[in-house]
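Trainee: Contents are compact mmCIF, C-alpha atoms; file name coords-v5.txt:
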```
# COMPACT_ATOMS: atom_id res chain seq x y z
CA MET A 1 8.82 -32.76 2.64
CA LEU A 2 6.76 -30.61 4.99
CA ALA A 3 9.29 -31.13 7.77
CA ARG A 4 12.11 -30.11 5.41
CA ALA A 5 10.20 -26.97 4.36
CA ASP A 6 9.58 -26.04 7.99
CA ALA A 7 13.25 -26.53 8.79
CA ASP A 8 14.27 -24.37 5.81
CA ASN A 9 11.84 -21.64 6.88
CA THR A 10 13.18 -21.70 10.41
CA TRP A 11 16.79 -21.54 9.23
CA LEU A 12 16.10 -18.73 6.78
CA GLY A 13 14.07 -16.84 9.38
CA ASN A 14 16.95 -17.01 11.84
CA ALA A 15 19.40 -15.96 9.14
CA ALA A 16 17.19 -13.01 8.18
CA ALA A 17 16.98 -11.88 11.81
CA ALA A 18 20.77 -12.06 12.19
CA LEU A 19 21.41 -10.14 8.96
CA ASP A 20 18.83 -7.52 9.90
CA LYS A 21 20.49 -7.02 13.27
CA ALA A 22 23.89 -6.77 11.62
CA GLY A 23 22.59 -4.19 9.15
CA ASP A 24 23.49 -6.32 6.12
CA ARG A 25 20.66 -5.27 3.80
CA GLU A 26 22.08 -6.93 0.68
CA GLY A 27 22.38 -10.26 2.49
CA LEU A 28 18.94 -9.80 4.01
CA ALA A 29 17.39 -9.19 0.59
CA ARG A 30 18.93 -12.40 -0.78
CA VAL A 31 17.60 -14.44 2.14
CA GLN A 32 14.15 -12.86 1.91
CA GLU A 33 14.02 -13.65 -1.81
CA GLN A 34 14.76 -17.28 -0.98
CA MET A 35 11.93 -17.20 1.58
CA THR A 36 9.46 -16.04 -1.08
CA LYS A 37 10.43 -19.02 -3.22
CA ILE A 38 10.34 -21.64 -0.47
CA ASN A 39 7.06 -20.38 0.95
CA PRO A 40 5.27 -18.39 -1.77
CA LEU A 41 1.96 -18.50 0.10
CA ASP A 42 3.30 -16.35 2.92
CA GLU A 43 2.53 -12.87 1.63
CA GLN A 44 4.43 -11.18 4.43
CA ASN A 45 7.65 -12.56 2.95
CA PHE A 46 7.01 -10.52 -0.20
CA VAL A 47 6.15 -7.38 1.78
CA ASN A 48 9.33 -7.78 3.84
CA LEU A 49 11.42 -8.21 0.70
CA ALA A 50 9.89 -5.09 -0.87
CA HIS A 51 10.72 -3.09 2.27
CA THR A 52 14.35 -4.22 2.22
CA LEU A 53 14.66 -3.43 -1.49
CA LYS A 54 13.30 0.04 -0.76
CA GLU A 55 15.97 0.51 1.91
CA LEU A 56 18.57 -0.44 -0.69
CA GLY A 57 17.17 2.20 -3.06
CA ARG A 58 15.94 -0.41 -5.53
CA MET A 59 12.47 1.06 -5.84
CA ASP A 60 11.56 -0.48 -9.19
CA ALA A 61 12.42 -3.95 -7.88
CA ALA A 62 10.45 -3.32 -4.69
CA ARG A 63 7.43 -2.17 -6.69
CA ALA A 64 7.66 -5.21 -8.96
CA VAL A 65 7.56 -7.55 -5.95
CA LEU A 66 4.41 -5.89 -4.63
CA GLU A 67 2.73 -5.77 -8.05
CA LYS A 68 3.30 -9.51 -8.42
CA LEU A 69 1.64 -9.99 -5.04
CA ALA A 70 -1.21 -7.62 -5.99
CA MET A 71 -2.05 -9.68 -9.09
CA ARG A 72 -2.25 -12.82 -7.01
CA ALA A 73 -4.31 -11.07 -4.31
CA ALA A 74 -6.87 -9.50 -6.65
CA LEU A 75 -9.80 -11.43 -5.22
CA ASN A 76 -8.70 -11.50 -1.58
CA GLU A 77 -9.37 -8.35 0.45
CA ASP A 78 -7.11 -9.56 3.26
CA SER A 79 -4.18 -9.81 0.88
CA LEU A 80 -5.02 -6.56 -0.90
CA GLY A 81 -4.85 -4.67 2.39
CA ARG A 82 -1.43 -6.15 3.11
CA VAL A 83 -0.16 -5.20 -0.35
CA ALA A 84 -1.62 -1.70 0.01
CA ALA A 85 0.30 -1.28 3.28
CA GLY A 86 3.43 -2.29 1.38
CA PHE A 87 2.85 0.47 -1.17
CA VAL A 88 2.33 2.96 1.66
CA ASP A 89 5.76 1.92 2.91
CA LEU A 90 7.17 2.66 -0.56
CA GLY A 91 5.52 6.09 -0.52
CA ASP A 92 3.24 5.21 -3.45
CA THR A 93 0.01 6.48 -1.90
CA ASP A 94 -1.93 6.52 -5.17
CA ARG A 95 -1.41 2.79 -5.71
CA ALA A 96 -2.12 2.13 -2.04
CA LEU A 97 -5.40 4.07 -2.19
CA HIS A 98 -6.48 2.12 -5.26
CA LEU A 99 -5.77 -1.22 -3.58
CA TYR A 100 -7.44 -0.24 -0.31
CA ALA A 101 -10.52 0.90 -2.23
CA GLN A 102 -10.55 -2.40 -4.13
CA ALA A 103 -10.24 -4.31 -0.85
CA ALA A 104 -13.09 -2.31 0.74
CA GLN A 105 -15.33 -2.89 -2.27
CA SER A 106 -14.67 -6.63 -2.17
CA ASP A 107 -15.30 -6.85 1.58
CA ARG A 108 -19.10 -6.59 1.63
CA PHE A 109 -19.44 -7.37 5.33
CA SER A 110 -16.37 -5.45 6.57
CA ARG A 111 -14.84 -8.69 7.76
CA ASN A 112 -11.35 -7.29 7.42
CA TRP A 113 -12.04 -4.08 9.30
CA GLY A 114 -8.35 -3.79 10.24
CA ALA A 115 -7.52 -2.99 6.61
CA LEU A 116 -10.34 -0.43 6.58
CA LEU A 117 -8.74 1.31 9.55
CA GLU A 118 -5.44 1.45 7.65
CA TYR A 119 -7.30 2.86 4.65
CA ALA A 120 -8.95 5.54 6.78
CA ARG A 121 -5.58 6.38 8.35
CA LEU A 122 -4.10 6.93 4.88
CA GLN A 123 -7.06 9.03 3.76
CA THR A 124 -6.74 11.14 6.90
CA SER A 125 -3.02 11.68 6.32
CA LEU A 126 -3.88 12.91 2.81
CA ARG A 127 -6.55 15.23 4.29
CA ASP A 128 -9.41 13.38 2.64
CA PHE A 129 -11.45 13.73 5.81
CA ALA A 130 -14.83 13.02 4.21
CA GLY A 131 -13.52 9.84 2.62
CA ALA A 132 -11.88 8.77 5.89
CA LYS A 133 -15.15 9.31 7.74
CA THR A 134 -17.03 7.08 5.31
CA THR A 135 -14.38 4.38 5.64
CA LEU A 136 -14.46 4.62 9.43
CA GLN A 137 -18.24 4.35 9.49
CA THR A 138 -17.96 1.13 7.51
CA ALA A 139 -15.20 -0.21 9.75
CA PHE A 140 -17.14 0.55 12.93
CA SER A 141 -20.26 -1.17 11.68
CA VAL A 142 -18.53 -4.28 13.03
CA PRO A 143 -19.28 -4.67 16.78
CA ALA A 144 -15.88 -6.26 17.42
CA ASN A 145 -14.09 -3.10 16.26
CA ARG A 146 -13.23 -1.02 19.32
CA GLY A 147 -10.25 0.92 18.02
CA TRP A 148 -11.68 4.20 19.28
CA ASP A 149 -8.36 6.02 18.92
CA GLU A 150 -8.76 5.76 15.15
CA ILE A 151 -11.94 7.86 15.32
CA ILE A 152 -10.37 10.31 17.76
CA ASN A 153 -7.26 10.73 15.60
CA TRP A 154 -9.50 11.48 12.64
CA LEU A 155 -11.51 14.02 14.67
CA VAL A 156 -8.32 15.75 15.79
CA ALA A 157 -6.79 15.80 12.30
CA ALA A 158 -10.03 17.16 10.82
CA ASP A 159 -10.21 19.78 13.59
CA ARG A 160 -13.64 18.45 14.55
CA VAL A 161 -12.95 17.11 18.01
CA ASP A 162 -15.04 19.87 19.59
CA GLN A 163 -17.95 18.91 17.34
CA TYR A 164 -17.64 15.19 18.00
CA GLU A 165 -21.32 14.80 18.90
CA ASP A 166 -22.40 15.97 15.44
CA GLU A 167 -19.69 14.03 13.62
CA LEU A 168 -20.43 10.74 15.35
CA ALA A 169 -24.19 10.84 14.87
CA GLY A 170 -23.89 8.89 11.61
CA PHE A 171 -21.77 6.07 13.03
CA GLY A 172 -24.76 4.15 14.38
CA LEU A 173 -22.96 3.06 17.54
CA THR A 174 -24.96 1.29 20.23
CA PRO A 175 -25.26 3.12 23.59
CA SER A 176 -22.61 0.91 25.19
CA ARG A 177 -20.15 1.51 22.33
CA GLN A 178 -20.86 5.25 22.48
CA THR A 179 -19.95 5.16 26.17
CA ASP A 180 -16.70 3.35 25.39
CA LEU A 181 -15.84 5.93 22.74
CA GLN A 182 -16.64 8.78 25.13
CA ARG A 183 -14.32 7.24 27.72
CA ALA A 184 -11.57 7.14 25.12
CA LEU A 185 -12.28 10.78 24.28
CA PHE A 186 -12.13 11.65 27.99
CA ALA A 187 -8.66 10.06 28.09
CA TYR A 188 -7.64 12.02 24.99
CA PHE A 189 -8.62 15.35 26.60
CA GLU A 190 -6.83 14.27 29.76
CA LYS A 191 -3.55 13.49 27.96
CA ALA A 192 -3.82 16.49 25.63
CA GLY A 193 -3.85 18.93 28.56
CA ARG A 194 -7.47 19.94 28.02
CA PRO A 195 -8.94 19.40 31.51
CA ALA A 196 -11.91 21.69 30.99
CA ASN A 197 -13.02 19.62 27.98
CA ALA A 198 -12.67 16.40 29.94
CA LEU A 199 -14.73 17.78 32.82
CA ALA A 200 -17.40 19.02 30.40
CA LEU A 201 -17.57 15.56 28.84
CA ALA A 202 -18.04 13.97 32.26
CA GLU A 203 -20.79 16.49 33.03
CA SER A 204 -22.70 15.87 29.82
CA HIS A 205 -22.18 12.10 29.82
CA PRO A 206 -22.00 10.97 33.46
CA ALA A 207 -22.37 7.31 32.40
CA ILE A 208 -18.72 7.31 31.33
CA VAL A 209 -17.53 7.87 34.89
CA GLN A 210 -16.56 4.85 36.96
CA PRO A 211 -15.09 4.74 40.49
CA ALA A 212 -11.58 4.57 39.01
CA PHE A 213 -12.27 7.95 37.37
CA ALA A 214 -12.68 9.72 40.73
CA SER A 215 -9.01 10.62 41.19
CA ARG A 216 -8.78 11.60 37.52
CA VAL A 217 -11.69 14.02 37.90
CA ARG A 218 -10.00 15.55 40.96
CA LYS A 219 -6.68 16.02 39.14
CA LEU A 220 -8.46 17.51 36.13
CA ALA A 221 -10.29 20.01 38.35
CA VAL A 222 -6.97 21.03 39.93
CA ALA A 223 -5.34 21.36 36.51
CA ALA A 224 -8.24 23.47 35.23
CA ARG A 225 -8.27 25.52 38.44
CA ASP A 226 -12.00 24.84 38.45
CA PHE A 227 -12.48 23.43 41.93
CA ALA A 228 -16.18 24.25 42.14
CA ARG A 229 -16.94 22.33 38.96
CA GLY A 230 -14.93 19.31 40.06
CA ALA A 231 -16.50 19.33 43.51
CA LYS A 232 -19.99 19.45 42.02
CA LEU A 233 -19.21 16.50 39.76
CA LEU A 234 -17.80 14.42 42.61
CA GLU A 235 -20.74 15.35 44.85
CA ASN A 236 -23.15 14.11 42.19
CA PHE A 237 -21.23 10.88 41.68
CA THR A 238 -21.03 10.33 45.43
CA ALA A 239 -24.79 10.76 45.77
CA GLN A 240 -25.62 8.45 42.86
CA ALA A 241 -23.05 5.67 43.23
CA GLU A 242 -23.86 2.32 44.79
CA SER A 243 -20.35 2.33 46.29
CA PRO A 244 -19.62 6.02 46.90
CA GLN A 245 -16.42 5.64 48.95
CA GLU A 246 -13.91 6.39 46.19
CA TYR A 247 -15.84 9.44 44.99
CA SER A 248 -16.27 10.68 48.54
CA VAL A 249 -12.57 10.35 49.38
CA GLU A 250 -11.53 12.18 46.22
CA LEU A 251 -14.09 14.90 46.95
CA ALA A 252 -12.47 15.43 50.35
CA ARG A 253 -9.03 15.54 48.76
CA LEU A 254 -10.25 18.03 46.17
CA GLN A 255 -11.57 20.26 48.96
CA GLY A 256 -8.09 20.06 50.46
CA ASP A 257 -6.55 21.08 47.10
CA TRP A 258 -9.07 23.90 46.87
CA ALA A 259 -8.15 25.09 50.34
CA GLN A 260 -4.45 25.03 49.50
CA SER A 261 -5.13 27.24 46.49
CA GLU A 262 -7.17 29.62 48.65
CA VAL A 263 -4.48 29.84 51.30
CA ALA A 264 -2.00 30.83 48.59
CA ALA A 265 -4.44 33.56 47.55
CA GLY A 266 -4.89 34.75 51.14
CA GLN A 267 -8.47 33.45 51.37
CA THR A 268 -8.08 31.68 54.70
CA ASP A 269 -11.72 31.83 55.79
CA SER A 270 -12.98 29.88 52.77
CA ALA A 271 -9.95 27.58 53.03
CA LEU A 272 -10.97 26.70 56.59
CA THR A 273 -14.51 26.01 55.41
CA HIS A 274 -13.33 23.55 52.78
CA LEU A 275 -10.85 21.82 55.08
CA ARG A 276 -13.44 21.40 57.82
CA ALA A 277 -15.95 19.98 55.34
CA ALA A 278 -13.34 17.53 54.07
CA ARG A 279 -12.34 16.45 57.58
CA GLU A 280 -15.97 15.97 58.58
CA LYS A 281 -16.44 13.45 55.76
CA HIS A 282 -13.04 11.75 56.09
CA PRO A 283 -11.27 12.39 59.39
CA GLU A 284 -8.85 9.56 58.57
CA LEU A 285 -7.11 11.59 55.83
CA TRP A 286 -3.84 12.88 57.28
CA GLU A 287 -3.28 15.22 54.33
CA ILE A 288 -6.47 17.07 55.29
CA THR A 289 -5.79 16.97 59.02
CA SER A 290 -2.25 18.31 58.68
CA ARG A 291 -3.35 21.20 56.47
CA LEU A 292 -6.24 22.11 58.77
CA SER A 293 -4.06 21.93 61.88
CA ALA A 294 -1.38 24.09 60.27
CA LEU A 295 -3.90 26.68 59.17
CA LEU A 296 -5.49 26.84 62.63
CA GLN A 297 -2.07 27.30 64.20
CA GLN A 298 -1.27 30.01 61.66
CA ARG A 299 -4.44 31.84 62.74
CA GLY A 300 -3.46 31.61 66.41
CA ASP A 301 -5.80 28.75 67.37
CA ARG A 302 -3.23 26.39 68.89
CA LEU A 303 -5.86 24.50 70.89
CA GLY A 304 -7.90 23.88 67.75
CA ALA A 305 -4.74 22.68 65.96
CA ILE A 306 -4.07 20.23 68.81
CA GLU A 307 -7.63 18.93 68.90
CA THR A 308 -7.59 18.42 65.15
CA ILE A 309 -4.57 16.12 65.36
CA GLU A 310 -5.96 14.31 68.39
CA SER A 311 -9.13 13.53 66.46
CA PHE A 312 -7.05 12.10 63.64
CA LEU A 313 -5.12 9.84 66.00
CA ALA A 314 -8.41 8.29 67.09
CA VAL A 315 -9.15 7.07 63.54
CA GLY A 316 -5.81 7.06 61.70
CA LYS A 317 -4.65 3.73 60.25
CA ALA A 318 -1.39 4.22 58.36
CA PRO A 319 1.56 3.76 60.77
CA ALA A 320 3.73 6.35 59.01
CA GLU A 321 0.97 8.95 59.15
CA ILE A 322 0.24 8.20 62.80
CA GLU A 323 3.92 8.71 63.58
CA GLN A 324 3.89 12.06 61.80
CA ALA A 325 0.76 13.09 63.66
CA ARG A 326 2.26 12.20 67.04
CA ALA A 327 5.41 14.16 66.26
CA GLN A 328 3.37 17.19 65.19
CA LEU A 329 1.18 16.92 68.29
CA ALA A 330 4.19 16.77 70.58
CA LYS A 331 5.60 19.86 68.89
CA LEU A 332 2.31 21.75 69.29
CA ARG A 333 1.99 20.81 72.97
CA ALA A 334 5.52 22.01 73.55
CA GLY A 335 4.49 25.37 72.12
CA GLY A 336 6.13 24.85 68.69
```
Using structure tokens, write down the structure that the file contains.
Mentor:
Amino acid sequence: MLARADADNTWLGNAAAALDKAGDREGLARVQEQMTKINPLDEQNFVNLAHTLKELGRMDAARAVLEKLAMRAALNEDSLGRVAAGFVDLGDTDRALHLYAQAAQSDRFSRNWGALLEYARLQTSLRDFAGAKTTLQTAFSVPANRGWDEIINWLVAADRVDQYEDELAGFGLTPSRQTDLQRALFAYFEKAGRPANALALAESHPAIVQPAFASRVRKLAVAARDFARGAKLLENFTAQAESPQEYSVELARLQGDWAQSEVAAGQTDSALTHLRAAREKHPELWEITSRLSALLQQRGDRLGAIETIESFLAVGKAPAEIEQARAQLAKLRAGG
């Protein structure tokens, strides 16, 4: 009997997938209704059927399917959360809120924190920011919950992202979880085009920065046009890191970016200072060498431009860069 039921489920599942792909919603609804009868313990079958009925405009029938499931799920917070999500899909937020609240009340130890996150998401969408915060605090009392974007999305929606320190004080996160959340917030500022905020976060919470962040800090400093701030950060990380190489290389590259900006502004003296400092730390960087050599040549110091490239050739490693350096050196020696 079990084998027959499994075979029927498989056949119906394949049929449902084919009808869905073909856009046959009436046929899909009939197959999904059969699936609820053959396997009534699979709650997702009921949720899927309700969604299809909604697409067909049969809202009363869709609601009846979910209400039947809600009655059966009354004492199971896992099931209540699934039914609540179904009512969200129908646009019945009042019923969904009631079911999510019932699920949260039944879940004394926040075991089903995924449903709590859905609940908080709905509360946030309805601008119940205080309620969403309370729900999130409960959900994040579980150490396994690391869905930091949920907190950040709430902060953004509530227009409290700039006051995140105050808002998060009541979450009771351990230091390591706070660091993880701050890293997620750093990434949010990065993607949202707020480089100054990301740099400020790295300044106030240096523990979030890892070697892989070095290039990100450099790019943020360039985007913010705040080279001095970025350089100071990378200098501090270079001095404090057990393996400072990545920070040091990105610091040199940032000094090269800084110099390029200064050249564009006609500040060639300070540009030379930054390029020379970068080359002193990392003479193997062709991007620094080429800029320094070009600037020296521009200022009439052809010998200095030649010597700069010669020093690179003594330490350069990348074949393509070495070839470029040799070509540039030959051009300089020929008076070009």
Trainee: My list of candidates is A:Asp162, A:Asp301, A:Glu33, A:Asp180. Which is closest to A:Asn45 when distances are computed with all atoms listed in the file?
Mentor: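 The closest residue to A:Asn45 is A:Glu33.
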Trainee: Which residues are close to stretch 99-106 of chain A, i.e. within 10 Å by all atoms listed in the file, leaving aside same-chain residues fewer than 3 positions away? Reply as a PyMOL selection string.
Mentor: chain A and resi 70+73-85+87+93-96+109-113+115-116+118-120+122+135+138-139
Trainee: Using only C-alpha atoms, which protein or nucleic acid residues come within 12 Å of A:Gln298? Drop anything in the same chain fewer than 4 positions from it, and give the result as a ChimeraX atom specification.
Mentor: /A:263,268,272,291-294,302-305,332,336
Trainee: Can you work out the spacing between atom CA of A:Ala192 and atom CA of A:Thr179 in Å, to one decimal?
Mentor: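 Atom CA of A:Thr179 lies 19.7 Å from atom CA of A:Ala192.
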Trainee: Set the distance at 8 Å and use only C-alpha atoms: which residues neighbour A:Glu310 once local chain neighbours fewer than 4 positions away are removed? I'd like the list as a list in words.
Mentor: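 Near A:Glu310, the qualifying residues are Ile306, Ala314 and Leu329 of chain A.
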Trainee: When distances are computed from all atoms listed in the file, which of A:Glu43, A:Arg177, A:Ala15, A:Gln123 shows the smallest separation from A:Ser141?
Mentor: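 Result for the nearest residue to A:Ser141: A:Arg177.
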Trainee: What does the structure give for the distance between atom CA of A:Val31 and atom CA of A:Asp92, in Å to one decimal?
Mentor: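 Taking atom CA of A:Val31 as the start and atom CA of A:Asp92 as the end point, the length is 25.0 Å.
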Trainee: Can you work out which one of A:Phe189, A:Arg299, A:Met59, A:Leu49 has the shortest atom-to-atom distance to A:Val156, counting all atoms listed in the file?
Mentor: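 So, comparing all the options, the nearest one is A:Phe189.
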Trainee: Skip A:Leu181 itself and residues of its chain fewer than 5 positions away, then list as a list of chain:residue names all residues within 12 Å of it, counting only C-alpha atoms.
Mentor: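 Using only C-alpha atoms, the neighbours found are A:Phe140, A:Asn145, A:Arg146, A:Gly147, A:Trp148, A:Asp149, A:Glu150, A:Ile151, A:Ile152, A:Tyr164, A:Glu165, A:Leu168, A:Phe171, A:Leu173, A:Thr174, A:Pro175, A:Ser176, A:Phe186, A:Ala187, A:Tyr188, A:Leu201, A:His205, A:Ala207, A:Ile208.
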